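Novice: Dumping the structure here so I can ask a few things about it.
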Amino acid sequence: LRKFSQFTRIAPFQGNVRFLSGSGSLTLASLGLKSEIKTVSANEKNKLQQGVSTIEVPKRREQKRVGGNKTGFVKSKNPVDIKTAPFAVESFSELGLPPLLVERLEKEGFTVPTDVQAAAVPTVLKNHDVVIQSYTGSGKTLAYLLPILSRVGPLRGETLNGYETGNKVDIEAVIVAPSRELGMQIVREVEKLLGPANKKLVQQLVGGANRSRQEEALRKNKPSIVVGTPGRIAEISAAGKLPTHGCRYLVLDEVDQLLAFSFREDMKRIIDHVGRRPGACRGEPNSPLVKRAARQTIMVSATVPFSVIRAARSWGCDPLLIQANKVVPLESLTPSGPVNISGTPSITGSSSDVQAMPCVQSLPPNLQHYYTITRIQHKVDMLRRCVHAMDAKCVIAFMNHTKQLKDAVYKLEARGMNAAELHGDLSKLIRSTILKKFRNGEIRVLLTNELSARGLDLPECDLVVNLGLPTDSVHYAHRAGRTGRLGRKGTVVTICEQPEVFVVKKLGKQLSLSMQACEFSEGNLVIIED
Ligand SMILES: Nc1ncnc2c1ncn2[C@@H]1O[C@H](COP(=O)(O)OP(=O)(O)OP(=O)(O)O)[C@@H](O)[C@H]1O
């Protein structure tokens with residue numbers, strides 16, 4: 001065992017920046033991530049390009065420095081100075097977005113698209129069905145929202161390539177997300193871009209909220225975009241109160257989770273009733289008009305198991321896979337190809353979908369991964385020591401059983417640490433109040449379960465702790481992805497028992513991560529060298 005102070009241990013990686021200090025500005029350059037990002041993307045590129053013909057690659061410029069007076073980029077209370085973010089083109093206007101929308105983006109502090117946005121926006125604007133895959137926190141939400149807002153609502157371009165909506169009765173875009181929190185987060189993102197005057201053009205249809213009020217809002221406001229959870233959307237659709245026959249966009253966010261068995265019936269209803277299936281255009285002339293008349297299906301996730309590829313082929317028309325630097329036809333992918341299959345259950349329930357996807361693609365490169373060993377009864381105390389040692393300000397700790405959450409909160413609070421539990425048994429109102437408090441910094445440790453692993457954007461989160469092991473590498477990736485968003489630094493610590501160490505190591509191997517053993521002693525992170 002060798003003992004290091006945080007400062008000394010991290011020095012070789014990040015120069016003079018104190019690890020997780022929370023003070024001073026953080027830079028990717030100072031973290032030594034510039035070269036790390038380059039290495040990863042070069043490897044990824046090589047791996048991914050084997051056997052796949054790249055059909056469209058957005059013009060890529062030299063990676064540029066973003067920072068200094070441009071810190072307004074990342075909208076957070078303590079702006080993070082991101083020196084080299086994964087940005088590929090200079091501006092949103094280069095992507096063919098209408099000027100009004102570009103203006104709104106600038107007002108909101110978004111000036112430069114991320115890689116995945118640069119790849120996705122022009123492709124979706126060309127009416128392709130797509131699967132968008134890039135690592136957590138890389139900006140996939142705007143990657144699909146921007147092309148939609150270019151065609152739907154008040155920010156759309158003046159000329160619509162001959163497409164006229166006429167007397168709008170139908171909803172034009174349906175966005176499905178697996179959790180209420182993620183649904184509400186997407187709604188906020190759309191509202192932010194539409195501006196206060198046009199807020200009613202987007203309607204949330206999440207479960208747990210008053211259904212009659214949602215139906216009333218649909219009738220009264222005639223929104224262009226609805227965002228919701230599968231159950232509630234399917235319910236209102238089955239009641240005949242969701243006019244989606246002419247819907248042009250169907251977005252399935254966190255699509256691999258939406259393919260889970262529990263969503264099966266609701267997803268079937270949505271797939272069958274939202275817009276005209278692009279499959280209908282098969283055999284017909286491939287004219288732009290025919291394509292425009294069909295629904296465009298956009299599937300999104302950081303993890304794309306082969307079940308998603310299969311679903312996209314069956315639900316879409318010649319779908320494309322969009323990753324940060326390239327766009328390839330899904331037809332070119334096979335289970336043994338570049339997008340491997342993962343353990344996420346498929347809609348068909350096939351047991352062949354059990355291989356890990358190359359997770360360098362699912363996780364941001366700027367995360368540090370550690371594990372520490374303790375007895376089960378000491379896990380919460382180890383969490384407290386870990387938070388202190390890391391000097392973490394905003395922590396998400398995952399447990400596998402809801403019943404354990406309350407007890408853990410109680411123990412932390414007893415030791416003077418602000419903590420709260422978040423899980424599906426709480427009402428929608430309580431859940432959103434807790435999340436608000438966590439965002440505001442009133443809660444330091446959020447104890448939660450898988451509910452919070454997907455899609456939640458809490459940019460201030462600087463530490464993720466696994467108090468219970470994730471079930472597989474896909475779950476590890478989504479949990480870990482709650483920190484280190486959009487180029488920020490982040491740390492993931494898995495607190496396990498001795499017999500679980502081999503599982504942790506296996507996860508690290510599947511994800512190509514360097515998973516370091518550590519301890520927390522006298523307020524310091526202690527790395528245990530192999
Ligand atoms: N071009 C941009 N410039 C600055 N900030 C951006 C840009 N695009 C997105 N962001 C911000 O980056 C953060 C992460 O974006 P987003 O939540 O869309 O990531 P994601 O890829 O969907 O992550 P996940 O896989 O976890 O769902 C958000 O806070 C978002 O506002």
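In the structure tokens, chains take the letters A, B, ... in the order shown, each chain's residues start at 1, and ligands count up from 1 in the order shown.
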Neighbours of ligand 1 at 7 Å or closer, counting only C-alpha atoms and all ligand atoms: which residues, as a PyMOL selection string?

Specialist: chain A and resi 73-75+109-114+134-142+301-302+454-457+459+478+481-482+485-486

Novice: Quick one: everything within 8 Å of range 368-370 of chain A, counting only C-alpha atoms, minus sequence neighbours fewer than 3 positions away in the same chain. Send it as a list in words.

Specialist: Gly490, Thr491, Val492, Val493, Thr494, Leu513, Ser514, Met515, Gln516, Ala517 and Cys518 of chain A

Novice: Residues of the last selection are to be written out with N, CA and C atoms, as an mmCIF file, in the first residue's frame.

Specialist:
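Final output, part31.cif:
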```cif
data_model
loop_
_atom_site.group_PDB
_atom_site.id
_atom_site.type_symbol
_atom_site.label_atom_id
_atom_site.label_comp_id
_atom_site.auth_asym_id
_atom_site.auth_seq_id
_atom_site.Cartn_x
_atom_site.Cartn_y
_atom_site.Cartn_z
ATOM 1 N N GLY A 490 -14.789 14.363 -13.636
ATOM 2 C CA GLY A 490 -15.706 13.640 -12.776
ATOM 3 C C GLY A 490 -15.041 12.387 -12.242
ATOM 4 N N THR A 491 -15.538 11.918 -11.084
ATOM 5 C CA THR A 491 -14.967 10.725 -10.470
ATOM 6 C C THR A 491 -16.077 9.732 -10.168
ATOM 7 N N VAL A 492 -15.785 8.467 -10.386
ATOM 8 C CA VAL A 492 -16.737 7.411 -10.082
ATOM 9 C C VAL A 492 -16.068 6.444 -9.110
ATOM 10 N N VAL A 493 -16.714 6.230 -7.967
ATOM 11 C CA VAL A 493 -16.157 5.305 -6.977
ATOM 12 C C VAL A 493 -17.170 4.192 -6.729
ATOM 13 N N THR A 494 -16.727 2.952 -6.851
ATOM 14 C CA THR A 494 -17.589 1.819 -6.546
ATOM 15 C C THR A 494 -17.164 1.244 -5.193
ATOM 16 N N LEU A 513 -11.727 0.393 -19.010
ATOM 17 C CA LEU A 513 -11.415 1.463 -18.067
ATOM 18 C C LEU A 513 -10.268 1.037 -17.172
ATOM 19 N N SER A 514 -9.518 2.019 -16.738
ATOM 20 C CA SER A 514 -8.548 1.700 -15.707
ATOM 21 C C SER A 514 -9.261 1.927 -14.374
ATOM 22 N N MET A 515 -9.568 0.845 -13.714
ATOM 23 C CA MET A 515 -10.345 0.869 -12.470
ATOM 24 C C MET A 515 -9.337 0.708 -11.330
ATOM 25 N N GLN A 516 -9.067 1.764 -10.569
ATOM 26 C CA GLN A 516 -8.003 1.692 -9.567
ATOM 27 C C GLN A 516 -8.546 1.417 -8.167
ATOM 28 N N ALA A 517 -7.870 0.532 -7.453
ATOM 29 C CA ALA A 517 -8.262 0.264 -6.069
ATOM 30 C C ALA A 517 -7.836 1.456 -5.208
ATOM 31 N N CYS A 518 -8.668 1.803 -4.232
ATOM 32 C CA CYS A 518 -8.309 2.943 -3.379
ATOM 33 C C CYS A 518 -8.888 2.765 -1.980
#
```

Novice: Could you tell me which of A:Val308, A:Pro319, A:Ala414, A:Thr471 comes closest to Thr123 in chain A if we count only C-alpha atoms?

Specialist: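 Closest candidate: A:Pro319.
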
Novice: If we count only C-alpha atoms, what is near range 149-151 of chain A at a cut-off of 8 Å, once residues fewer than 6 positions away on the same chain are taken out, given as a PyMOL selection string?

Specialist: chain A and resi 97-98+101+157+160

Novice: Create the file for the chosen residues now, containing all heavy atoms and written as a PDB file, in the first residue's frame.

Specialist:
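That gives us part_17.pdb:
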```
ATOM      1  N   LEU A  97     -29.088  25.483 -39.808  1.00  0.00           N
ATOM      2  CA  LEU A  97     -30.219  25.825 -38.943  1.00  0.00           C
ATOM      3  C   LEU A  97     -30.743  27.210 -39.302  1.00  0.00           C
ATOM      4  O   LEU A  97     -29.981  28.083 -39.718  1.00  0.00           O
ATOM      5  CB  LEU A  97     -29.793  25.818 -37.468  1.00  0.00           C
ATOM      6  CG  LEU A  97     -29.329  24.488 -36.891  1.00  0.00           C
ATOM      7  CD1 LEU A  97     -28.842  24.670 -35.457  1.00  0.00           C
ATOM      8  CD2 LEU A  97     -30.458  23.458 -36.931  1.00  0.00           C
ATOM      9  N   PRO A  98     -32.029  27.444 -39.164  1.00  0.00           N
ATOM     10  CA  PRO A  98     -32.583  28.758 -39.482  1.00  0.00           C
ATOM     11  C   PRO A  98     -32.025  29.849 -38.554  1.00  0.00           C
ATOM     12  O   PRO A  98     -31.764  29.568 -37.369  1.00  0.00           O
ATOM     13  CB  PRO A  98     -34.086  28.586 -39.279  1.00  0.00           C
ATOM     14  CG  PRO A  98     -34.265  27.301 -38.593  1.00  0.00           C
ATOM     15  CD  PRO A  98     -33.046  26.472 -38.729  1.00  0.00           C
ATOM     16  N   LEU A 101     -33.428  30.372 -35.016  1.00  0.00           N
ATOM     17  CA  LEU A 101     -33.048  29.330 -34.050  1.00  0.00           C
ATOM     18  C   LEU A 101     -31.608  29.547 -33.577  1.00  0.00           C
ATOM     19  O   LEU A 101     -31.310  29.422 -32.382  1.00  0.00           O
ATOM     20  CB  LEU A 101     -33.217  27.948 -34.692  1.00  0.00           C
ATOM     21  CG  LEU A 101     -32.892  26.727 -33.840  1.00  0.00           C
ATOM     22  CD1 LEU A 101     -33.626  26.734 -32.512  1.00  0.00           C
ATOM     23  CD2 LEU A 101     -33.248  25.434 -34.598  1.00  0.00           C
ATOM     24  N   GLY A 157     -37.314  27.520 -40.278  1.00  0.00           N
ATOM     25  CA  GLY A 157     -36.928  28.314 -41.437  1.00  0.00           C
ATOM     26  C   GLY A 157     -38.154  28.759 -42.210  1.00  0.00           C
ATOM     27  O   GLY A 157     -39.188  28.109 -42.153  1.00  0.00           O
ATOM     28  N   LEU A 160     -39.776  25.759 -46.313  1.00  0.00           N
ATOM     29  CA  LEU A 160     -39.771  24.404 -45.763  1.00  0.00           C
ATOM     30  C   LEU A 160     -39.632  23.374 -46.877  1.00  0.00           C
ATOM     31  O   LEU A 160     -40.246  22.315 -46.844  1.00  0.00           O
ATOM     32  CB  LEU A 160     -41.060  24.166 -44.987  1.00  0.00           C
ATOM     33  CG  LEU A 160     -41.233  25.013 -43.728  1.00  0.00           C
ATOM     34  CD1 LEU A 160     -42.578  24.745 -43.099  1.00  0.00           C
ATOM     35  CD2 LEU A 160     -40.137  24.729 -42.736  1.00  0.00           C
TER      36      LEU A 160
END
```

Novice: Using only C-alpha atoms, find the one residue out of A:Arg375, A:Lys220, A:Lys505, A:Lys437 that sits nearest to Ala419 in chain A.

Specialist: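 Of the candidates, the smallest distance to Ala419 in chain A is held by A:Lys437.
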
Novice: Using only C-alpha atoms, which residues sit within 8 Å of Leu258 in chain A once same-chain residues fewer than 2 positions away are excluded, as a list in words?

Specialist: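 Using only C-alpha atoms, the neighbours found are Ala177, Pro178, Pro230, Leu252, Asp253, Glu254, Val255, Asp256, Ala260, Phe263, Arg264 and Met267 of chain A.
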
Novice: Write the residues of the selection above to a file with N, CA, C and O atoms, as a PDB file, in the first residue's frame.

Specialist:
```pdb
ATOM      1  N   ALA A 177     -39.459   9.372 -23.471  1.00  0.00           N
ATOM      2  CA  ALA A 177     -38.318   9.163 -22.559  1.00  0.00           C
ATOM      3  C   ALA A 177     -38.748   8.166 -21.478  1.00  0.00           C
ATOM      4  O   ALA A 177     -39.922   8.116 -21.120  1.00  0.00           O
ATOM      5  N   PRO A 178     -37.803   7.376 -20.946  1.00  0.00           N
ATOM      6  CA  PRO A 178     -38.224   6.323 -20.013  1.00  0.00           C
ATOM      7  C   PRO A 178     -38.585   6.797 -18.608  1.00  0.00           C
ATOM      8  O   PRO A 178     -39.183   6.054 -17.857  1.00  0.00           O
ATOM      9  N   PRO A 230     -43.641   6.458 -21.845  1.00  0.00           N
ATOM     10  CA  PRO A 230     -44.396   5.565 -22.725  1.00  0.00           C
ATOM     11  C   PRO A 230     -45.815   5.295 -22.227  1.00  0.00           C
ATOM     12  O   PRO A 230     -46.767   5.346 -23.016  1.00  0.00           O
ATOM     13  N   LEU A 252     -37.127   8.543 -29.778  1.00  0.00           N
ATOM     14  CA  LEU A 252     -37.077   7.590 -28.668  1.00  0.00           C
ATOM     15  C   LEU A 252     -35.764   7.827 -27.936  1.00  0.00           C
ATOM     16  O   LEU A 252     -34.706   7.375 -28.368  1.00  0.00           O
ATOM     17  N   ASP A 253     -35.836   8.619 -26.849  1.00  0.00           N
ATOM     18  CA  ASP A 253     -34.624   8.950 -26.099  1.00  0.00           C
ATOM     19  C   ASP A 253     -34.347   7.821 -25.110  1.00  0.00           C
ATOM     20  O   ASP A 253     -35.273   7.296 -24.493  1.00  0.00           O
ATOM     21  N   GLU A 254     -33.082   7.478 -24.936  1.00  0.00           N
ATOM     22  CA  GLU A 254     -32.690   6.308 -24.150  1.00  0.00           C
ATOM     23  C   GLU A 254     -33.391   5.078 -24.720  1.00  0.00           C
ATOM     24  O   GLU A 254     -34.023   4.296 -24.000  1.00  0.00           O
ATOM     25  N   VAL A 255     -33.262   4.951 -26.038  1.00  0.00           N
ATOM     26  CA  VAL A 255     -34.045   3.931 -26.750  1.00  0.00           C
ATOM     27  C   VAL A 255     -33.797   2.518 -26.233  1.00  0.00           C
ATOM     28  O   VAL A 255     -34.724   1.712 -26.164  1.00  0.00           O
ATOM     29  N   ASP A 256     -32.567   2.199 -25.826  1.00  0.00           N
ATOM     30  CA  ASP A 256     -32.328   0.821 -25.379  1.00  0.00           C
ATOM     31  C   ASP A 256     -33.136   0.503 -24.132  1.00  0.00           C
ATOM     32  O   ASP A 256     -33.571  -0.614 -23.926  1.00  0.00           O
ATOM     33  N   ALA A 260     -37.109  -2.162 -23.188  1.00  0.00           N
ATOM     34  CA  ALA A 260     -37.256  -3.114 -22.076  1.00  0.00           C
ATOM     35  C   ALA A 260     -38.656  -3.714 -22.072  1.00  0.00           C
ATOM     36  O   ALA A 260     -39.623  -3.098 -22.528  1.00  0.00           O
ATOM     37  N   PHE A 263     -41.905  -1.863 -21.011  1.00  0.00           N
ATOM     38  CA  PHE A 263     -42.489  -0.822 -21.866  1.00  0.00           C
ATOM     39  C   PHE A 263     -43.108  -1.397 -23.147  1.00  0.00           C
ATOM     40  O   PHE A 263     -43.596  -0.654 -23.997  1.00  0.00           O
ATOM     41  N   ARG A 264     -43.025  -2.714 -23.293  1.00  0.00           N
ATOM     42  CA  ARG A 264     -43.312  -3.330 -24.576  1.00  0.00           C
ATOM     43  C   ARG A 264     -44.677  -2.936 -25.177  1.00  0.00           C
ATOM     44  O   ARG A 264     -44.758  -2.482 -26.313  1.00  0.00           O
ATOM     45  N   MET A 267     -44.911   0.847 -25.995  1.00  0.00           N
ATOM     46  CA  MET A 267     -44.081   1.207 -27.141  1.00  0.00           C
ATOM     47  C   MET A 267     -44.723   0.727 -28.447  1.00  0.00           C
ATOM     48  O   MET A 267     -44.649   1.400 -29.463  1.00  0.00           O
TER      49      MET A 267
END
```

Novice: Enumerate as an mmCIF file with N, CA, C and O atoms, in the first residue's frame all residues of range 143-253 of chain A assigned to strand (DSSP E or B) by DSSP on the backbone, naming them with the chain letters and numbers the document uses.

Specialist:
```
data_model
loop_
_atom_site.group_PDB
_atom_site.id
_atom_site.type_symbol
_atom_site.label_atom_id
_atom_site.label_comp_id
_atom_site.auth_asym_id
_atom_site.auth_seq_id
_atom_site.Cartn_x
_atom_site.Cartn_y
_atom_site.Cartn_z
ATOM 1 N N ALA A 173 -44.311 16.491 -33.398
ATOM 2 C CA ALA A 173 -43.190 15.707 -32.886
ATOM 3 C C ALA A 173 -43.579 15.062 -31.559
ATOM 4 O O ALA A 173 -44.135 15.721 -30.681
ATOM 5 N N VAL A 174 -43.286 13.781 -31.440
ATOM 6 C CA VAL A 174 -43.512 13.065 -30.176
ATOM 7 C C VAL A 174 -42.145 12.590 -29.672
ATOM 8 O O VAL A 174 -41.409 11.929 -30.402
ATOM 9 N N ILE A 175 -41.824 12.988 -28.450
ATOM 10 C CA ILE A 175 -40.540 12.582 -27.867
ATOM 11 C C ILE A 175 -40.833 11.687 -26.665
ATOM 12 O O ILE A 175 -41.552 12.086 -25.749
ATOM 13 N N VAL A 176 -40.291 10.476 -26.693
ATOM 14 C CA VAL A 176 -40.564 9.514 -25.622
ATOM 15 C C VAL A 176 -39.298 9.314 -24.791
ATOM 16 O O VAL A 176 -38.207 9.131 -25.336
ATOM 17 N N VAL A 202 -45.131 23.204 -26.451
ATOM 18 C CA VAL A 202 -44.656 21.898 -25.997
ATOM 19 C C VAL A 202 -45.467 21.477 -24.782
ATOM 20 O O VAL A 202 -45.745 22.278 -23.900
ATOM 21 N N GLN A 203 -45.870 20.215 -24.774
ATOM 22 C CA GLN A 203 -46.705 19.722 -23.676
ATOM 23 C C GLN A 203 -46.085 18.463 -23.084
ATOM 24 O O GLN A 203 -45.691 17.562 -23.820
ATOM 25 N N GLN A 204 -45.987 18.439 -21.756
ATOM 26 C CA GLN A 204 -45.476 17.223 -21.117
ATOM 27 C C GLN A 204 -46.603 16.220 -20.912
ATOM 28 O O GLN A 204 -47.705 16.590 -20.544
ATOM 29 N N LEU A 205 -46.309 14.970 -21.176
ATOM 30 C CA LEU A 205 -47.282 13.897 -20.939
ATOM 31 C C LEU A 205 -46.616 12.802 -20.115
ATOM 32 O O LEU A 205 -46.472 11.672 -20.571
ATOM 33 N N ILE A 225 -45.353 19.908 -30.124
ATOM 34 C CA ILE A 225 -44.429 18.882 -29.644
ATOM 35 C C ILE A 225 -44.951 18.331 -28.325
ATOM 36 O O ILE A 225 -45.348 19.104 -27.444
ATOM 37 N N VAL A 226 -44.969 17.017 -28.185
ATOM 38 C CA VAL A 226 -45.259 16.445 -26.866
ATOM 39 C C VAL A 226 -44.073 15.597 -26.425
ATOM 40 O O VAL A 226 -43.407 14.965 -27.241
ATOM 41 N N VAL A 227 -43.817 15.645 -25.114
ATOM 42 C CA VAL A 227 -42.721 14.867 -24.544
ATOM 43 C C VAL A 227 -43.296 14.083 -23.378
ATOM 44 O O VAL A 227 -43.948 14.668 -22.505
ATOM 45 N N GLY A 228 -43.058 12.789 -23.351
ATOM 46 C CA GLY A 228 -43.635 12.047 -22.231
ATOM 47 C C GLY A 228 -43.059 10.666 -22.040
ATOM 48 O O GLY A 228 -42.139 10.245 -22.749
ATOM 49 N N TYR A 249 -42.173 13.593 -36.535
ATOM 50 C CA TYR A 249 -40.969 13.116 -35.839
ATOM 51 C C TYR A 249 -41.363 12.256 -34.639
ATOM 52 O O TYR A 249 -42.190 12.661 -33.829
ATOM 53 N N LEU A 250 -40.743 11.111 -34.560
ATOM 54 C CA LEU A 250 -40.877 10.292 -33.348
ATOM 55 C C LEU A 250 -39.466 10.102 -32.796
ATOM 56 O O LEU A 250 -38.600 9.517 -33.457
ATOM 57 N N VAL A 251 -39.232 10.639 -31.589
ATOM 58 C CA VAL A 251 -37.911 10.501 -30.969
ATOM 59 C C VAL A 251 -38.018 9.509 -29.807
ATOM 60 O O VAL A 251 -38.906 9.633 -28.957
ATOM 61 N N LEU A 252 -37.127 8.543 -29.778
ATOM 62 C CA LEU A 252 -37.077 7.590 -28.668
ATOM 63 C C LEU A 252 -35.764 7.827 -27.936
ATOM 64 O O LEU A 252 -34.706 7.375 -28.368
ATOM 65 N N ASP A 253 -35.836 8.619 -26.849
ATOM 66 C CA ASP A 253 -34.624 8.950 -26.099
ATOM 67 C C ASP A 253 -34.347 7.821 -25.110
ATOM 68 O O ASP A 253 -35.273 7.296 -24.493
#
```

Novice: Between A:Ser237, A:Gln510, A:Ser521, A:Ser179, which is the closest to Ala389 in chain A once you count only C-alpha atoms?

Specialist: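 Distance minimum relative to Ala389 in chain A lands on A:Ser521.
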
Novice: Near Ile171 in chain A, within 9 Å and counting only C-alpha atoms, which residues show up once chain neighbours fewer than 5 positions away are dropped, as a ChimeraX atom specification?

Specialist: /A:222-226,242-248

Novice: Could you dump the residues just selected with N, CA, C and O atoms as a short mmCIF file (atom, residue, chain, number, x, y, z; two decimals), in the first residue's frame?

Specialist:
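As written to disk, selection27.cif reads:
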```cif
data_model
loop_
_atom_site.label_atom_id
_atom_site.label_comp_id
_atom_site.auth_asym_id
_atom_site.auth_seq_id
_atom_site.Cartn_x
_atom_site.Cartn_y
_atom_site.Cartn_z
N LYS A 222 -53.24 22.91 -28.37
CA LYS A 222 -52.82 22.28 -29.63
C LYS A 222 -51.30 22.36 -29.80
O LYS A 222 -50.79 23.01 -30.74
N PRO A 223 -50.57 21.73 -28.91
CA PRO A 223 -49.11 21.82 -28.98
C PRO A 223 -48.55 21.16 -30.24
O PRO A 223 -49.18 20.26 -30.80
N SER A 224 -47.38 21.60 -30.65
CA SER A 224 -46.71 20.99 -31.80
C SER A 224 -45.85 19.82 -31.37
O SER A 224 -45.59 18.91 -32.14
N ILE A 225 -45.35 19.91 -30.12
CA ILE A 225 -44.43 18.88 -29.64
C ILE A 225 -44.95 18.33 -28.32
O ILE A 225 -45.35 19.10 -27.44
N VAL A 226 -44.97 17.02 -28.18
CA VAL A 226 -45.26 16.44 -26.87
C VAL A 226 -44.07 15.60 -26.43
O VAL A 226 -43.41 14.96 -27.24
N LEU A 242 -54.88 11.95 -28.62
CA LEU A 242 -53.55 12.40 -29.04
C LEU A 242 -53.50 12.39 -30.58
O LEU A 242 -53.28 11.33 -31.17
N PRO A 243 -53.73 13.53 -31.20
CA PRO A 243 -53.78 13.53 -32.67
C PRO A 243 -52.38 13.46 -33.27
O PRO A 243 -51.73 14.47 -33.52
N THR A 244 -51.91 12.24 -33.49
CA THR A 244 -50.54 12.08 -33.98
C THR A 244 -50.49 11.42 -35.37
O THR A 244 -49.42 10.98 -35.79
N HIS A 245 -51.62 11.35 -36.04
CA HIS A 245 -51.63 10.65 -37.31
C HIS A 245 -50.65 11.28 -38.30
O HIS A 245 -49.94 10.61 -39.03
N GLY A 246 -50.60 12.61 -38.29
CA GLY A 246 -49.72 13.29 -39.23
C GLY A 246 -48.37 13.68 -38.61
O GLY A 246 -47.69 14.57 -39.13
N CYS A 247 -48.04 13.05 -37.50
CA CYS A 247 -46.82 13.43 -36.79
C CYS A 247 -45.59 13.16 -37.65
O CYS A 247 -45.46 12.13 -38.30
N ARG A 248 -44.64 14.12 -37.66
CA ARG A 248 -43.48 14.01 -38.55
C ARG A 248 -42.25 13.44 -37.86
O ARG A 248 -41.36 12.92 -38.52
#
```
